[in-house]
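Dumped start33.csv below, it's CSV, C-alpha atoms:
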chain,number,residue,atom,x,y,z
A,273,MET,CA,13.9,-16.1,-11.9
A,274,SER,CA,15.2,-13.4,-9.6
A,275,ALA,CA,14.9,-9.8,-10.6
A,276,ASP,CA,18.7,-9.6,-11.3
A,277,PHE,CA,18.5,-12.8,-13.5
A,278,LYS,CA,21.1,-14.5,-11.4
A,279,SER,CA,19.2,-17.2,-9.6
A,280,ILE,CA,16.1,-19.4,-10.0
A,281,ASN,CA,14.0,-20.6,-7.0
A,282,VAL,CA,12.9,-24.2,-7.7
A,283,GLY,CA,11.8,-24.9,-4.2
A,284,ALA,CA,8.1,-24.1,-5.0
A,285,LEU,CA,7.9,-26.6,-7.9
A,286,THR,CA,5.5,-29.5,-7.7
A,287,VAL,CA,6.7,-33.0,-8.6
A,288,GLY,CA,7.4,-33.3,-12.3
A,289,SER,CA,9.8,-32.5,-15.1
A,290,TYR,CA,10.4,-28.9,-16.3
A,291,ILE,CA,12.3,-27.5,-19.2
A,292,LEU,CA,14.1,-24.2,-18.7
A,293,THR,CA,15.4,-22.3,-21.7
A,294,LEU,CA,17.7,-19.4,-21.2
A,295,THR,CA,18.4,-16.9,-24.0
A,296,ALA,CA,21.0,-14.2,-23.9
A,297,THR,CA,21.2,-11.5,-26.6
A,298,ASP,CA,24.2,-9.1,-26.9
A,299,SER,CA,24.1,-5.5,-28.1
A,300,SER,CA,24.7,-6.6,-31.7
A,301,GLY,CA,21.5,-8.7,-31.6
A,302,LEU,CA,23.4,-12.1,-31.6
A,303,ALA,CA,21.6,-14.6,-29.4
A,304,GLY,CA,22.5,-17.8,-27.7
A,305,THR,CA,20.3,-20.3,-25.9
A,306,ALA,CA,20.8,-23.0,-23.3
A,307,THR,CA,18.2,-25.5,-22.2
A,308,ILE,CA,18.2,-27.5,-19.0
A,309,THR,CA,15.8,-30.0,-17.6
A,310,ILE,CA,14.8,-29.7,-14.0
A,311,ILE,CA,13.3,-32.8,-12.3
A,312,ALA,CA,11.4,-32.0,-9.1
A,313,ALA,CA,11.0,-35.1,-6.9
A,314,ALA,CA,9.3,-35.5,-3.6
A,315,ALA,CA,11.5,-35.9,-0.5
A,316,GLU,CA,12.1,-39.5,0.4
A,317,GLY,CA,9.2,-40.9,2.3
A,318,VAL,CA,6.7,-38.2,1.2
A,319,VAL,CA,3.5,-39.8,-0.2
A,320,ALA,CA,1.3,-37.9,-2.7
A,321,PRO,CA,-2.2,-37.1,-1.4
A,322,LEU,CA,-5.3,-39.0,-2.5
A,323,ILE,CA,-8.8,-37.8,-1.8
A,324,ASN,CA,-12.0,-39.9,-1.6
A,325,ILE,CA,-15.4,-38.3,-1.2
A,326,SER,CA,-18.0,-40.6,0.3
A,327,VAL,CA,-20.8,-40.3,-2.2
A,328,ALA,CA,-22.3,-43.0,-4.4
A,329,SER,CA,-21.5,-41.1,-7.6
A,330,PRO,CA,-20.0,-37.8,-8.5
A,331,TYR,CA,-23.6,-36.4,-8.9
A,332,THR,CA,-25.6,-36.2,-5.7
A,333,VAL,CA,-28.9,-34.6,-4.7
A,334,HIS,CA,-29.4,-33.2,-1.2
A,335,SER,CA,-32.8,-32.1,0.0
A,336,ALA,CA,-32.0,-31.4,3.6
A,337,MET,CA,-30.0,-28.3,4.3
A,338,GLY,CA,-27.2,-28.7,6.8
A,339,ASP,CA,-26.0,-32.0,5.2
A,340,ARG,CA,-22.5,-33.2,5.8
A,341,ILE,CA,-20.6,-35.1,3.2
A,342,PRO,CA,-17.6,-37.0,4.5
A,343,TYR,CA,-14.2,-37.3,2.8
A,344,THR,CA,-11.0,-39.0,3.4
A,345,VAL,CA,-7.5,-37.9,2.5
A,346,THR,CA,-4.3,-39.9,2.6
A,347,GLY,CA,-0.7,-38.9,2.0
A,348,THR,CA,2.1,-37.1,3.9
A,349,ASP,CA,1.0,-33.8,5.4
A,350,PRO,CA,-1.6,-32.8,2.8
A,351,VAL,CA,-3.1,-29.3,2.9
A,352,VAL,CA,-6.8,-29.5,2.1
A,353,SER,CA,-8.9,-26.8,0.5
A,354,MET,CA,-12.2,-26.5,-1.4
A,355,GLU,CA,-13.5,-24.5,-4.3
A,356,VAL,CA,-17.3,-24.2,-5.0
A,357,SER,CA,-18.9,-22.7,-8.1
A,358,SER,CA,-22.5,-22.6,-9.2
A,359,VAL,CA,-23.9,-23.2,-12.7
A,360,SER,CA,-26.5,-20.4,-12.1
A,361,ASP,CA,-24.2,-17.8,-10.4
A,362,VAL,CA,-25.8,-18.0,-7.0
A,363,ASP,CA,-24.0,-17.3,-3.8
A,364,CYS,CA,-21.6,-20.3,-3.0
A,365,SER,CA,-20.7,-19.2,0.6
A,366,GLY,CA,-23.1,-21.7,2.0
A,367,PHE,CA,-20.5,-24.5,1.6
A,368,LYS,CA,-17.8,-24.9,4.2
A,369,LEU,CA,-14.9,-27.4,4.5
A,370,ASP,CA,-14.6,-28.7,8.1
A,371,ILE,CA,-11.0,-30.0,8.0
A,372,SER,CA,-11.0,-31.3,11.6
A,373,GLU,CA,-14.1,-33.5,11.0
A,374,LYS,CA,-13.2,-34.1,7.3
A,375,MET,CA,-16.6,-33.0,6.1
A,376,ILE,CA,-18.1,-30.8,3.4
A,377,VAL,CA,-20.9,-29.0,5.2
A,378,ILE,CA,-23.9,-27.5,3.4
A,379,ASN,CA,-25.4,-24.6,5.3
A,380,GLN,CA,-29.1,-24.7,6.0
A,381,TYR,CA,-29.6,-21.5,4.0
A,382,VAL,CA,-27.8,-22.4,0.8
A,383,PRO,CA,-29.9,-21.4,-2.3
A,384,ALA,CA,-31.4,-24.2,-4.4
A,385,ALA,CA,-29.0,-24.7,-7.3
A,386,GLU,CA,-26.5,-27.0,-8.9
A,387,TYR,CA,-22.9,-26.6,-7.5
A,388,ASN,CA,-19.5,-27.9,-8.5
A,389,VAL,CA,-17.6,-28.7,-5.4
A,390,THR,CA,-13.9,-29.5,-5.7
A,391,VAL,CA,-11.8,-30.7,-2.8
A,392,ILE,CA,-8.1,-30.3,-3.3
A,393,ALA,CA,-5.2,-31.8,-1.3
A,394,LYS,CA,-1.6,-30.7,-1.9
A,395,ASN,CA,1.8,-31.6,-0.5
A,396,SER,CA,5.4,-31.5,-1.9
A,397,ALA,CA,4.7,-34.8,-3.7
A,398,GLY,CA,1.8,-33.4,-5.8
A,399,GLU,CA,-1.8,-32.5,-5.9
A,400,SER,CA,-5.0,-34.5,-5.8
A,401,ARG,CA,-8.5,-33.1,-6.7
A,402,VAL,CA,-11.9,-34.5,-6.7
A,403,THR,CA,-15.0,-32.7,-8.1
A,404,ILE,CA,-18.6,-33.7,-7.4
A,405,ILE,CA,-21.8,-32.1,-8.5
A,406,ILE,CA,-24.3,-31.3,-5.8
A,407,VAL,CA,-27.8,-30.4,-6.5
A,408,VAL,CA,-29.6,-28.8,-3.6
A,409,VAL,CA,-33.4,-29.0,-3.6
A,410,VAL,CA,-35.3,-26.7,-1.2
A,411,GLY,CA,-38.6,-27.8,0.2

Rewrite the structure from the file as structure tokens, please.
Amino acid sequence: MSADFKSINVGALTVGSYILTLTATDSSGLAGTATITIIAAAAEGVVAPLINISVASPYTVHSAMGDRIPYTVTGTDPVVSMEVSSVSDVDCSGFKLDISEKMIVINQYVPAAEYNVTVIAKNSAGESRVTIIIVVVVG
């Protein structure tokens, strides 16, 4: 909704159905409402992204630092990103997403810990996310 309440930008909506309820109240306190449904659809020919991470299971153990975990992504013009968190609050900056090579790269100096690694692909047709748990063992 714009600051002057005269327009709504629906261009940033992801694919799906949205209900918009507008309420107007006059100076006497009388109110009226109107509800509309907005259906956001992908442009014709746009295919939603799908991610596949090449691991045997969503729970993997890596003992060698510098490991590279391949992934594939399909769909029309997906934008790929990654989120990493640690169960034990250690530094997660040792994980990088190499978009050109389609790899999750584990830095050789990453602390031993359990990490949740989520790869996300988005385009105008929707969003796809895959989370794997990676346990790094030093030694």

Atomic distance CA of Gly347 in chain A - CA of Val287 in chain A, expressed in Å with one decimal: 14.2 Å

Distance of CA of Ile406 in chain A from CA of Ser372 in chain A, expressed in Å to one decimal place: 21.9 Å

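Excluding range 357-371 of chain A itself and same-chain residues fewer than 2 positions from it, the residues having an atom within 8 Å of it are Val352, Ser353, Met354, Glu355, Glu373, Lys374, Met375, Ile376, Val377, Ile378, Asn379, Gln380, Tyr381, Val382, Pro383, Ala385, Glu386, Tyr387, Asn388 and Val389 of chain A, counting all atoms listed in the file.
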
Å distance separating CA of Gly398 in chain A from CA of Leu294 in chain A, one decimal place: 26.2 Å

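The nearest approach to Ile280 in chain A among the residues A:Ile404, A:Leu292, A:Ala397, A:Val356, with all atoms listed in the file taken into account, belongs to A:Leu292.
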
Residues within 10 Å of (18.1, -23.9, -26.3), file coords, all atoms listed in the file, listed as a list in words: Ile291, Leu292, Thr293, Leu294, Thr295, Gly304, Thr305, Ala306, Thr307 and Ile308 of chain A

Go ahead and save the picked residues with C-alpha atoms, as an mmCIF file, in the coordinates of the input.
data_model
loop_
_atom_site.group_PDB
_atom_site.id
_atom_site.type_symbol
_atom_site.label_atom_id
_atom_site.label_comp_id
_atom_site.auth_asym_id
_atom_site.auth_seq_id
_atom_site.Cartn_x
_atom_site.Cartn_y
_atom_site.Cartn_z
ATOM 1 C CA ILE A 291 12.300 -27.500 -19.200
ATOM 2 C CA LEU A 292 14.100 -24.200 -18.700
ATOM 3 C CA THR A 293 15.400 -22.300 -21.700
ATOM 4 C CA LEU A 294 17.700 -19.400 -21.200
ATOM 5 C CA THR A 295 18.400 -16.900 -24.000
ATOM 6 C CA GLY A 304 22.500 -17.800 -27.700
ATOM 7 C CA THR A 305 20.300 -20.300 -25.900
ATOM 8 C CA ALA A 306 20.800 -23.000 -23.300
ATOM 9 C CA THR A 307 18.200 -25.500 -22.200
ATOM 10 C CA ILE A 308 18.200 -27.500 -19.000
#

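Of the listed residues A:Val391, A:Leu302, A:Leu285, A:Val345, the one whose atoms come nearest to Val319 in chain A is A:Val345, with distances taken using only C-alpha atoms.
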
Completion step: range 297-310 of chain A with N, CA and C atoms as a PDB file, keeping the file's coordinate frame:
ATOM      1  N   THR A 297      21.038 -12.229 -25.319  1.00  0.00           N
ATOM      2  CA  THR A 297      21.200 -11.500 -26.600  1.00  0.00           C
ATOM      3  C   THR A 297      22.213 -10.339 -26.279  1.00  0.00           C
ATOM      4  N   ASP A 298      23.228 -10.223 -27.138  1.00  0.00           N
ATOM      5  CA  ASP A 298      24.200  -9.100 -26.900  1.00  0.00           C
ATOM      6  C   ASP A 298      23.721  -7.871 -27.643  1.00  0.00           C
ATOM      7  N   SER A 299      24.505  -6.812 -27.523  1.00  0.00           N
ATOM      8  CA  SER A 299      24.100  -5.500 -28.100  1.00  0.00           C
ATOM      9  C   SER A 299      24.073  -5.523 -29.612  1.00  0.00           C
ATOM     10  N   SER A 300      24.709  -6.502 -30.238  1.00  0.00           N
ATOM     11  CA  SER A 300      24.700  -6.600 -31.700  1.00  0.00           C
ATOM     12  C   SER A 300      23.468  -7.410 -32.178  1.00  0.00           C
ATOM     13  N   GLY A 301      22.701  -7.955 -31.255  1.00  0.00           N
ATOM     14  CA  GLY A 301      21.500  -8.700 -31.600  1.00  0.00           C
ATOM     15  C   GLY A 301      21.808 -10.232 -31.769  1.00  0.00           C
ATOM     16  N   LEU A 302      23.050 -10.650 -31.512  1.00  0.00           N
ATOM     17  CA  LEU A 302      23.400 -12.100 -31.600  1.00  0.00           C
ATOM     18  C   LEU A 302      22.855 -12.747 -30.308  1.00  0.00           C
ATOM     19  N   ALA A 303      22.231 -13.910 -30.492  1.00  0.00           N
ATOM     20  CA  ALA A 303      21.600 -14.600 -29.400  1.00  0.00           C
ATOM     21  C   ALA A 303      22.162 -16.001 -29.215  1.00  0.00           C
ATOM     22  N   GLY A 304      22.184 -16.453 -28.010  1.00  0.00           N
ATOM     23  CA  GLY A 304      22.500 -17.800 -27.700  1.00  0.00           C
ATOM     24  C   GLY A 304      21.565 -18.384 -26.704  1.00  0.00           C
ATOM     25  N   THR A 305      21.277 -19.662 -26.803  1.00  0.00           N
ATOM     26  CA  THR A 305      20.300 -20.300 -25.900  1.00  0.00           C
ATOM     27  C   THR A 305      20.954 -21.495 -25.223  1.00  0.00           C
ATOM     28  N   ALA A 306      20.461 -21.797 -24.066  1.00  0.00           N
ATOM     29  CA  ALA A 306      20.800 -23.000 -23.300  1.00  0.00           C
ATOM     30  C   ALA A 306      19.570 -23.573 -22.717  1.00  0.00           C
ATOM     31  N   THR A 307      19.409 -24.861 -22.800  1.00  0.00           N
ATOM     32  CA  THR A 307      18.200 -25.500 -22.200  1.00  0.00           C
ATOM     33  C   THR A 307      18.663 -26.538 -21.208  1.00  0.00           C
ATOM     34  N   ILE A 308      17.999 -26.502 -20.067  1.00  0.00           N
ATOM     35  CA  ILE A 308      18.200 -27.500 -19.000  1.00  0.00           C
ATOM     36  C   ILE A 308      16.907 -28.113 -18.618  1.00  0.00           C
ATOM     37  N   THR A 309      16.958 -29.326 -18.145  1.00  0.00           N
ATOM     38  CA  THR A 309      15.800 -30.000 -17.600  1.00  0.00           C
ATOM     39  C   THR A 309      15.892 -30.058 -16.106  1.00  0.00           C
ATOM     40  N   ILE A 310      14.836 -29.625 -15.440  1.00  0.00           N
ATOM     41  CA  ILE A 310      14.800 -29.700 -14.000  1.00  0.00           C
ATOM     42  C   ILE A 310      13.779 -30.757 -13.604  1.00  0.00           C
TER      43      ILE A 310
END
